[in-house]
$ cat run_10.cif   # mmCIF, C-alpha atoms and all ligand atoms
data_entry
#
loop_
_atom_site.label_atom_id
_atom_site.label_comp_id
_atom_site.auth_asym_id
_atom_site.auth_seq_id
_atom_site.Cartn_x
_atom_site.Cartn_y
_atom_site.Cartn_z
CA MET A 1 -12.37 -22.35 1.75
CA VAL A 2 -9.61 -23.25 -0.66
CA GLU A 3 -6.42 -21.37 0.14
CA LYS A 4 -4.64 -19.65 -2.70
CA ILE A 5 -0.87 -19.68 -3.09
CA LEU A 6 1.20 -17.49 -5.37
CA VAL A 7 4.39 -19.15 -6.62
CA VAL A 8 7.09 -16.79 -7.86
CA GLU A 9 9.97 -18.64 -9.52
CA ASP A 10 11.70 -17.97 -12.82
CA GLU A 11 13.04 -21.52 -13.27
CA LEU A 12 10.37 -23.23 -15.32
CA VAL A 13 10.90 -26.75 -13.99
CA LEU A 14 10.84 -25.70 -10.36
CA ARG A 15 7.83 -23.45 -10.95
CA GLU A 16 5.90 -26.29 -12.56
CA THR A 17 6.96 -28.72 -9.85
CA LEU A 18 5.81 -26.37 -7.10
CA THR A 19 2.55 -25.66 -8.88
CA TYR A 20 1.85 -29.34 -9.46
CA ASN A 21 2.58 -30.37 -5.88
CA LEU A 22 0.63 -27.52 -4.30
CA LYS A 23 -2.38 -28.23 -6.49
CA LYS A 24 -2.16 -31.88 -5.51
CA GLN A 25 -2.39 -30.76 -1.88
CA GLY A 26 -5.66 -29.01 -2.68
CA TYR A 27 -4.40 -25.44 -2.90
CA GLU A 28 -5.39 -23.04 -5.61
CA VAL A 29 -2.17 -21.92 -7.31
CA CYS A 30 -1.19 -18.96 -9.43
CA ALA A 31 2.38 -18.54 -10.68
CA ALA A 32 4.67 -15.78 -11.88
CA ALA A 33 8.09 -16.00 -13.53
CA ASP A 34 9.29 -12.48 -12.75
CA GLY A 35 9.00 -9.87 -10.04
CA ASN A 36 6.72 -7.38 -11.75
CA THR A 37 4.19 -10.02 -12.74
CA ALA A 38 4.35 -11.30 -9.16
CA VAL A 39 3.34 -7.93 -7.74
CA ASP A 40 0.50 -7.56 -10.27
CA LEU A 41 -0.76 -11.06 -9.59
CA ALA A 42 -0.59 -10.62 -5.83
CA ARG A 43 -2.66 -7.44 -6.06
CA ARG A 44 -5.21 -9.08 -8.29
CA GLU A 45 -5.44 -12.52 -6.71
CA GLN A 46 -4.89 -11.60 -3.05
CA PRO A 47 -3.25 -14.98 -2.31
CA ASP A 48 -3.21 -16.45 1.21
CA LEU A 49 0.52 -17.12 0.96
CA VAL A 50 3.43 -16.33 -1.37
CA VAL A 51 6.36 -18.62 -2.17
CA LEU A 52 8.97 -16.20 -3.42
CA ASP A 53 12.30 -16.93 -5.10
CA ILE A 54 14.98 -14.26 -4.64
CA MET A 55 16.88 -14.24 -7.93
CA LEU A 56 14.26 -13.10 -10.42
CA PRO A 57 14.23 -11.06 -13.61
CA GLY A 58 12.81 -7.58 -13.13
CA LEU A 59 12.19 -6.82 -9.47
CA ASP A 60 14.10 -9.34 -7.37
CA GLY A 61 12.52 -11.27 -4.52
CA PHE A 62 13.65 -8.76 -1.89
CA GLU A 63 12.00 -5.89 -3.74
CA VAL A 64 8.83 -7.91 -4.36
CA CYS A 65 8.71 -8.77 -0.68
CA ARG A 66 9.05 -5.13 0.33
CA VAL A 67 6.29 -4.01 -2.03
CA LEU A 68 3.91 -6.77 -0.91
CA ARG A 69 4.62 -6.10 2.75
CA LYS A 70 3.53 -2.51 2.40
CA GLU A 71 0.19 -3.48 0.93
CA MET A 72 -0.75 -6.92 2.22
CA ASN A 73 -0.08 -9.14 5.17
CA MET A 74 -0.16 -12.71 3.88
CA PRO A 75 2.80 -14.94 4.87
CA ILE A 76 5.78 -14.78 2.52
CA LEU A 77 8.09 -17.76 2.30
CA MET A 78 11.34 -17.00 0.51
CA LEU A 79 13.48 -19.41 -1.47
CA THR A 80 17.17 -18.71 -1.21
CA ALA A 81 19.97 -20.19 -3.25
CA ARG A 82 23.03 -18.77 -1.51
CA ALA A 83 24.29 -18.14 2.00
CA ASP A 84 24.52 -14.38 1.49
CA GLU A 85 20.85 -14.36 0.55
CA VAL A 86 20.02 -16.15 3.79
CA ASP A 87 21.94 -13.50 5.70
CA LYS A 88 19.91 -10.83 4.00
CA VAL A 89 16.57 -12.54 4.61
CA VAL A 90 17.34 -13.12 8.26
CA GLY A 91 19.34 -9.98 8.94
CA LEU A 92 17.47 -7.30 7.03
CA GLU A 93 13.91 -6.55 7.68
CA VAL A 94 12.56 -7.48 4.27
CA GLY A 95 9.51 -8.82 6.02
CA ALA A 96 9.59 -12.48 5.00
CA ASP A 97 7.92 -14.89 7.42
CA ASP A 98 10.09 -17.88 6.66
CA TYR A 99 12.69 -19.09 4.18
CA LEU A 100 14.00 -22.30 2.69
CA THR A 101 17.42 -22.84 1.18
CA LYS A 102 17.64 -24.53 -2.21
CA PRO A 103 17.68 -27.41 -2.75
CA PHE A 104 14.81 -28.25 -0.43
CA SER A 105 12.47 -31.21 -0.21
CA MET A 106 8.87 -30.77 -1.27
CA ARG A 107 7.81 -32.29 2.05
CA GLU A 108 9.70 -29.63 3.97
CA LEU A 109 8.19 -26.87 1.85
CA LEU A 110 4.65 -28.20 2.32
CA ALA A 111 5.19 -28.43 6.08
CA ARG A 112 6.36 -24.81 6.23
CA ILE A 113 3.43 -23.65 4.12
CA LYS A 114 0.95 -25.50 6.33
CA ALA A 115 2.52 -24.00 9.45
CA GLN A 116 2.28 -20.46 8.07
CA LEU A 117 -1.31 -20.86 6.92
CA ARG A 118 -2.26 -22.37 10.28
CA ARG A 119 -0.69 -19.40 12.06
CA VAL A 120 -2.73 -16.97 9.98
CA ARG A 121 -5.96 -18.93 10.53
CA VAL A 122 -5.46 -18.83 14.29
CA LEU A 123 -4.81 -15.09 14.18
CA ARG A 124 -7.89 -14.56 12.05
CA GLU A 125 -10.09 -16.59 14.38
CA GLU A 126 -8.84 -14.67 17.38
CA PHE A 127 -9.50 -11.42 15.58
CA ALA A 128 -12.99 -12.54 14.56
CA ALA A 129 -13.78 -13.56 18.14
CA GLU A 130 -12.82 -10.12 19.44
CA THR A 131 -14.30 -7.95 16.73
CA PRO A 132 -17.87 -8.08 15.54
CA SER A 133 -17.68 -8.60 11.80
CA ILE A 134 -18.25 -5.57 9.64
CA SER A 135 -21.39 -7.03 8.12
CA ASP A 136 -22.95 -7.23 11.60
CA LYS A 137 -22.37 -3.55 12.16
CA GLN A 138 -24.61 -1.61 9.85
CA VAL A 139 -23.54 1.81 11.04
CA LEU A 140 -19.87 2.81 10.95
CA ARG A 141 -18.87 6.02 12.69
CA PHE A 142 -15.74 8.03 11.99
CA GLY A 143 -16.09 11.07 14.19
CA ASP A 144 -18.71 13.31 12.60
CA LEU A 145 -18.76 11.12 9.49
CA VAL A 146 -21.32 8.31 9.64
CA LEU A 147 -21.87 5.48 7.16
CA ASP A 148 -25.26 3.80 7.40
CA LEU A 149 -25.15 0.63 5.30
CA ASP A 150 -28.85 -0.15 5.77
CA ARG A 151 -29.99 3.21 4.54
CA HIS A 152 -27.21 3.58 1.95
CA GLU A 153 -26.39 6.95 3.46
CA VAL A 154 -23.30 8.87 4.40
CA LYS A 155 -23.76 11.73 6.82
CA LEU A 156 -21.36 14.49 7.74
CA GLU A 157 -22.27 16.47 10.83
CA GLY A 158 -25.78 15.01 10.61
CA GLU A 159 -26.34 16.05 6.99
CA VAL A 160 -26.82 13.37 4.31
CA LEU A 161 -24.14 13.76 1.62
CA PRO A 162 -25.26 13.65 -2.03
CA LEU A 163 -22.94 10.85 -3.14
CA LYS A 164 -23.20 9.35 -6.60
CA PRO A 165 -23.52 5.53 -6.68
CA LYS A 166 -19.85 4.91 -7.47
CA GLU A 167 -18.71 7.43 -4.88
CA TYR A 168 -20.84 5.63 -2.33
CA GLU A 169 -19.50 2.19 -3.30
CA LEU A 170 -15.94 3.48 -3.23
CA PHE A 171 -16.49 5.00 0.18
CA VAL A 172 -18.06 1.80 1.56
CA TYR A 173 -15.14 -0.27 0.32
CA MET A 174 -12.59 2.12 1.81
CA ALA A 175 -14.47 2.41 5.09
CA GLN A 176 -14.63 -1.37 5.42
CA HIS A 177 -10.87 -1.50 4.84
CA ARG A 178 -10.01 1.37 7.11
CA GLY A 179 -6.30 1.70 7.82
CA MET A 180 -5.28 -0.51 4.90
CA VAL A 181 -3.33 0.74 1.91
CA LEU A 182 -5.59 0.22 -1.09
CA PRO A 183 -3.79 0.14 -4.45
CA ARG A 184 -5.63 1.84 -7.31
CA GLU A 185 -5.82 -1.50 -9.16
CA GLN A 186 -7.53 -3.09 -6.18
CA LEU A 187 -10.08 -0.28 -5.96
CA LEU A 188 -10.73 -0.53 -9.69
CA GLU A 189 -11.27 -4.24 -9.43
CA ARG A 190 -13.45 -4.21 -6.32
CA VAL A 191 -15.49 -1.09 -6.91
CA TRP A 192 -15.68 -1.00 -10.69
CA ASP A 193 -15.25 -4.71 -11.21
CA TRP A 194 -13.05 -3.94 -14.23
CA ALA A 195 -16.27 -3.14 -16.12
CA TYR A 196 -15.13 0.40 -16.52
CA THR A 197 -11.93 0.71 -18.50
CA GLY A 198 -11.07 4.30 -17.69
CA GLY A 199 -8.02 3.05 -15.82
CA SER A 200 -6.62 4.25 -12.53
CA ARG A 201 -7.44 7.84 -13.45
CA THR A 202 -11.07 6.90 -12.73
CA VAL A 203 -10.09 6.11 -9.16
CA ASP A 204 -8.26 9.42 -8.73
CA VAL A 205 -11.22 11.41 -10.00
CA HIS A 206 -13.68 9.68 -7.70
CA ILE A 207 -11.33 10.11 -4.76
CA ARG A 208 -11.22 13.84 -5.50
CA TRP A 209 -15.02 14.04 -5.59
CA LEU A 210 -15.29 12.05 -2.37
CA ARG A 211 -12.77 14.31 -0.67
CA GLU A 212 -14.75 17.36 -1.68
CA LYS A 213 -17.69 15.88 0.19
CA ILE A 214 -16.25 14.18 3.25
CA GLU A 215 -13.12 16.22 4.03
CA HIS A 216 -13.29 19.40 6.05
CA ASP A 217 -10.42 20.75 3.97
CA PRO A 218 -10.32 18.82 0.65
CA ALA A 219 -6.99 20.44 -0.27
CA ASN A 220 -5.42 18.95 2.85
CA PRO A 221 -7.21 15.64 3.25
CA THR A 222 -6.95 13.84 6.58
CA ARG A 223 -9.55 11.13 6.01
CA ILE A 224 -8.53 9.75 2.63
CA VAL A 225 -4.77 10.01 2.40
CA THR A 226 -2.67 9.40 -0.69
CA VAL A 227 -0.06 6.66 -0.55
CA ARG A 228 2.40 7.89 -3.12
CA GLY A 229 2.87 5.57 -6.07
CA VAL A 230 0.38 3.03 -4.74
CA GLY A 231 -3.07 4.29 -3.98
CA TYR A 232 -5.10 5.51 -1.04
CA LEU A 233 -5.83 4.78 2.59
CA PHE A 234 -8.91 5.65 4.60
CA GLU A 235 -7.85 6.92 8.03
CA GLY A 236 -11.35 7.33 9.40
CA CA B 1 15.59 -17.80 -9.60
#

$ encode --input "run_10.cif" --output "structure tokens" --more "lines below"
Ligand code: CA
Amino acid sequence: MVEKILVVEDELVLRETLTYNLKKQGYEVCAAADGNTAVDLARREQPDLVVLDIMLPGLDGFEVCRVLRKEMNMPILMLTARADEVDKVVGLEVGADDYLTKPFSMRELLARIKAQLRRVRVLREEFAAETPSISDKQVLRFGDLVLDLDRHEVKLEGEVLPLKPKEYELFVYMAQHRGMVLPREQLLERVWDWAYTGGSRTVDVHIRWLREKIEHDPANPTRIVTVRGVGYLFEG
């Protein structure tokens, strides 16, 4: 599997240099020149690692890091230009995994990237060894709520729920990503495949319908919770 790296750097020459060198190493690369684009790209591309400059137009690197940390857990390697930035990266819990001070050598950067990706691979393998993969388990149980992937059925207290196709797909996606914050954009992309252009409102409406069916008290949902300003999370 080719690993994907998101490069966030507003200086054109450095961005191009990073992109060129990472591609040469066999990585897939996407790049952003400002913080807001970086967040959008990360949500859409789900990169395996992010190289993130701190001084950026729009959201700065610290803010981007905080947003990404809430939603995803890929390694984030920050590029700092000044000593006070280093203090902030190391001292504050912005959630970066590593940092490099400019100017840095490309060899050093590649070594750090390899180390981070290796760390994640090891973690993933350990996790896979302990947990049967979701595709092996055809029936997922969440208390009295049961998802049967073979039969395409969702049951609550033993009764099959009359879910529409998109409600079912949305529920399957959320159930398979239990405990993860799922941004509306991600749900739109994965469940609707961007084919439907109703926007994030589409997600909200389907979530409401789902809640009416799977929640004991749809007005006070405990299974599908809202993550304000981001999206939703399936608690189980
Ligand atoms: Ca910069």

$ residues_near_ligand --input "run_10.cif" --ligand "ligand CA 1 (chain B)" --cutoff "9 Å" --atoms "all atoms listed in the file" --output "PyMOL selection string"
chain A and resi 8-11+33-34+53-57+60-61+79-81

$ residues_around --input "run_10.cif" --residues "Pro75 (chain A)" --least-positions-apart "4" --cutoff "7 Å" --atoms "all atoms listed in the file" --output "ChimeraX atom specification"
/A:49-50,97,116

$ closest_residue --input "run_10.cif" --among "A:Gly199, A:Pro218, A:Gly236, A:Gly158" --to "His177 (chain A)" --atoms "all atoms listed in the file"
A:Gly236

$ closest_residue --input "run_10.cif" --among "A:Pro165, A:Pro183, A:Gly143, A:Gly26" --to "Glu235 (chain A)" --atoms "only C-alpha atoms"
A:Gly143

$ atom_distance --input "run_10.cif" --atom1 "CA of Val191 (chain A)" --atom2 "CA of Val160 (chain A)"
21.5 Å

$ closest_residue --input "run_10.cif" --among "A:Trp192, A:Arg178, A:Gln186, A:His152" --to "Lys166 (chain A)" --atoms "only C-alpha atoms"
A:Trp192

$ closest_residue --input "run_10.cif" --among "A:Glu167, A:Glu16, A:Asp48, A:Asp84" --to "Met72 (chain A)" --atoms "all atoms listed in the file"
A:Asp48

$ residues_around --input "run_10.cif" --residues "Arg66 (chain A)" --least-positions-apart "3" --cutoff "9 Å" --atoms "only C-alpha atoms" --output "list in words"
Gly61, Phe62, Glu63, Arg69, Lys70, Glu93, Val94, Gly95 and Ala96 of chain A

$ atom_distance --input "run_10.cif" --atom1 "CA of Val51 (chain A)" --atom2 "CA of Ile5 (chain A)"
7.4 Å

$ closest_atom_pairs --input "run_10.cif" --of "region 113-216 of chain A" --to "region 105-109 of chain A" --cutoff "12 Å" --atoms "only C-alpha atoms" --output "CSV"
residue,atom,partner,partner_atom,distance
A:Ile113,CA,A:Leu109,CA,6.2
A:Lys114,CA,A:Leu109,CA,8.6
A:Ala115,CA,A:Leu109,CA,9.9
A:Gln116,CA,A:Leu109,CA,10.7

$ atom_distance --input "run_10.cif" --atom1 "CA of Val225 (chain A)" --atom2 "CA of Leu6 (chain A)"
29.2 Å

$ decode --input "run_10.cif" --residues "region 82-159 of chain A" --atoms "C-alpha atoms" --output "JSON list (two decimals), in the first residue's frame"
[["chain", "number", "residue", "atom", "x", "y", "z"],
["A", 82, "ARG", "CA", 11.76, 29.89, 15.66],
["A", 83, "ALA", "CA", 12.77, 28.85, 19.14],
["A", 84, "ASP", "CA", 9.53, 30.10, 20.69],
["A", 85, "GLU", "CA", 7.61, 27.85, 18.31],
["A", 86, "VAL", "CA", 9.68, 24.89, 19.47],
["A", 87, "ASP", "CA", 8.80, 25.74, 23.06],
["A", 88, "LYS", "CA", 5.15, 25.75, 22.15],
["A", 89, "VAL", "CA", 5.29, 22.46, 20.23],
["A", 90, "VAL", "CA", 7.15, 20.73, 23.02],
["A", 91, "GLY", "CA", 5.55, 22.47, 25.97],
["A", 92, "LEU", "CA", 1.91, 22.74, 24.98],
["A", 93, "GLU", "CA", -0.13, 19.76, 24.18],
["A", 94, "VAL", "CA", -0.89, 20.62, 20.58],
["A", 95, "GLY", "CA", -0.61, 16.93, 19.82],
["A", 96, "ALA", "CA", 2.25, 16.88, 17.32],
["A", 97, "ASP", "CA", 4.24, 13.64, 17.20],
["A", 98, "ASP", "CA", 7.54, 15.17, 16.18],
["A", 99, "TYR", "CA", 9.03, 18.43, 14.95],
["A", 100, "LEU", "CA", 11.93, 19.69, 12.90],
["A", 101, "THR", "CA", 13.50, 23.13, 13.09],
["A", 102, "LYS", "CA", 14.08, 25.02, 9.85],
["A", 103, "PRO", "CA", 16.40, 24.80, 8.08],
["A", 104, "PHE", "CA", 16.49, 21.01, 8.07],
["A", 105, "SER", "CA", 18.04, 18.49, 5.73],
["A", 106, "MET", "CA", 15.77, 16.45, 3.49],
["A", 107, "ARG", "CA", 17.52, 13.31, 4.73],
["A", 108, "GLU", "CA", 16.62, 14.14, 8.31],
["A", 109, "LEU", "CA", 13.01, 14.82, 7.38],
["A", 110, "LEU", "CA", 12.70, 11.55, 5.45],
["A", 111, "ALA", "CA", 14.19, 9.63, 8.38],
["A", 112, "ARG", "CA", 11.67, 11.17, 10.79],
["A", 113, "ILE", "CA", 8.79, 10.43, 8.42],
["A", 114, "LYS", "CA", 9.88, 6.81, 8.03],
["A", 115, "ALA", "CA", 10.17, 6.42, 11.80],
["A", 116, "GLN", "CA", 6.66, 7.79, 12.38],
["A", 117, "LEU", "CA", 5.09, 5.65, 9.67],
["A", 118, "ARG", "CA", 6.88, 2.57, 11.00],
["A", 119, "ARG", "CA", 5.55, 3.29, 14.48],
["A", 120, "VAL", "CA", 1.99, 3.49, 13.17],
["A", 121, "ARG", "CA", 2.39, 0.28, 11.14],
["A", 122, "VAL", "CA", 3.57, -1.60, 14.21],
["A", 123, "LEU", "CA", 0.64, -0.29, 16.25],
["A", 124, "ARG", "CA", -1.77, -1.25, 13.49],
["A", 125, "GLU", "CA", -0.37, -4.76, 13.23],
["A", 126, "GLU", "CA", -0.62, -5.24, 16.96],
["A", 127, "PHE", "CA", -4.18, -4.00, 16.89],
["A", 128, "ALA", "CA", -5.06, -6.29, 13.98],
["A", 129, "ALA", "CA", -3.54, -9.28, 15.78],
["A", 130, "GLU", "CA", -5.68, -8.63, 18.86],
["A", 131, "THR", "CA", -8.95, -7.68, 17.22],
["A", 132, "PRO", "CA", -10.75, -9.72, 14.62],
["A", 133, "SER", "CA", -11.26, -7.42, 11.67],
["A", 134, "ILE", "CA", -14.70, -5.93, 11.26],
["A", 135, "SER", "CA", -15.27, -7.71, 7.98],
["A", 136, "ASP", "CA", -14.83, -11.06, 9.75],
["A", 137, "LYS", "CA", -17.54, -10.21, 12.22],
["A", 138, "GLN", "CA", -20.83, -10.14, 10.40],
["A", 139, "VAL", "CA", -22.95, -9.35, 13.43],
["A", 140, "LEU", "CA", -22.19, -6.28, 15.54],
["A", 141, "ARG", "CA", -23.99, -5.92, 18.85],
["A", 142, "PHE", "CA", -24.51, -2.69, 20.75],
["A", 143, "GLY", "CA", -26.65, -3.69, 23.70],
["A", 144, "ASP", "CA", -30.16, -4.27, 22.39],
["A", 145, "LEU", "CA", -29.18, -2.87, 19.00],
["A", 146, "VAL", "CA", -27.88, -5.48, 16.56],
["A", 147, "LEU", "CA", -26.41, -4.97, 13.10],
["A", 148, "ASP", "CA", -26.41, -8.06, 10.90],
["A", 149, "LEU", "CA", -24.25, -7.34, 7.86],
["A", 150, "ASP", "CA", -25.10, -10.62, 6.12],
["A", 151, "ARG", "CA", -28.81, -10.07, 6.30],
["A", 152, "HIS", "CA", -28.61, -6.29, 5.84],
["A", 153, "GLU", "CA", -30.69, -5.90, 8.97],
["A", 154, "VAL", "CA", -30.69, -3.71, 12.03],
["A", 155, "LYS", "CA", -32.67, -4.96, 15.00],
["A", 156, "LEU", "CA", -33.70, -3.12, 18.12],
["A", 157, "GLU", "CA", -34.93, -5.30, 20.96],
["A", 158, "GLY", "CA", -35.30, -8.15, 18.47],
["A", 159, "GLU", "CA", -37.44, -6.17, 16.02]]
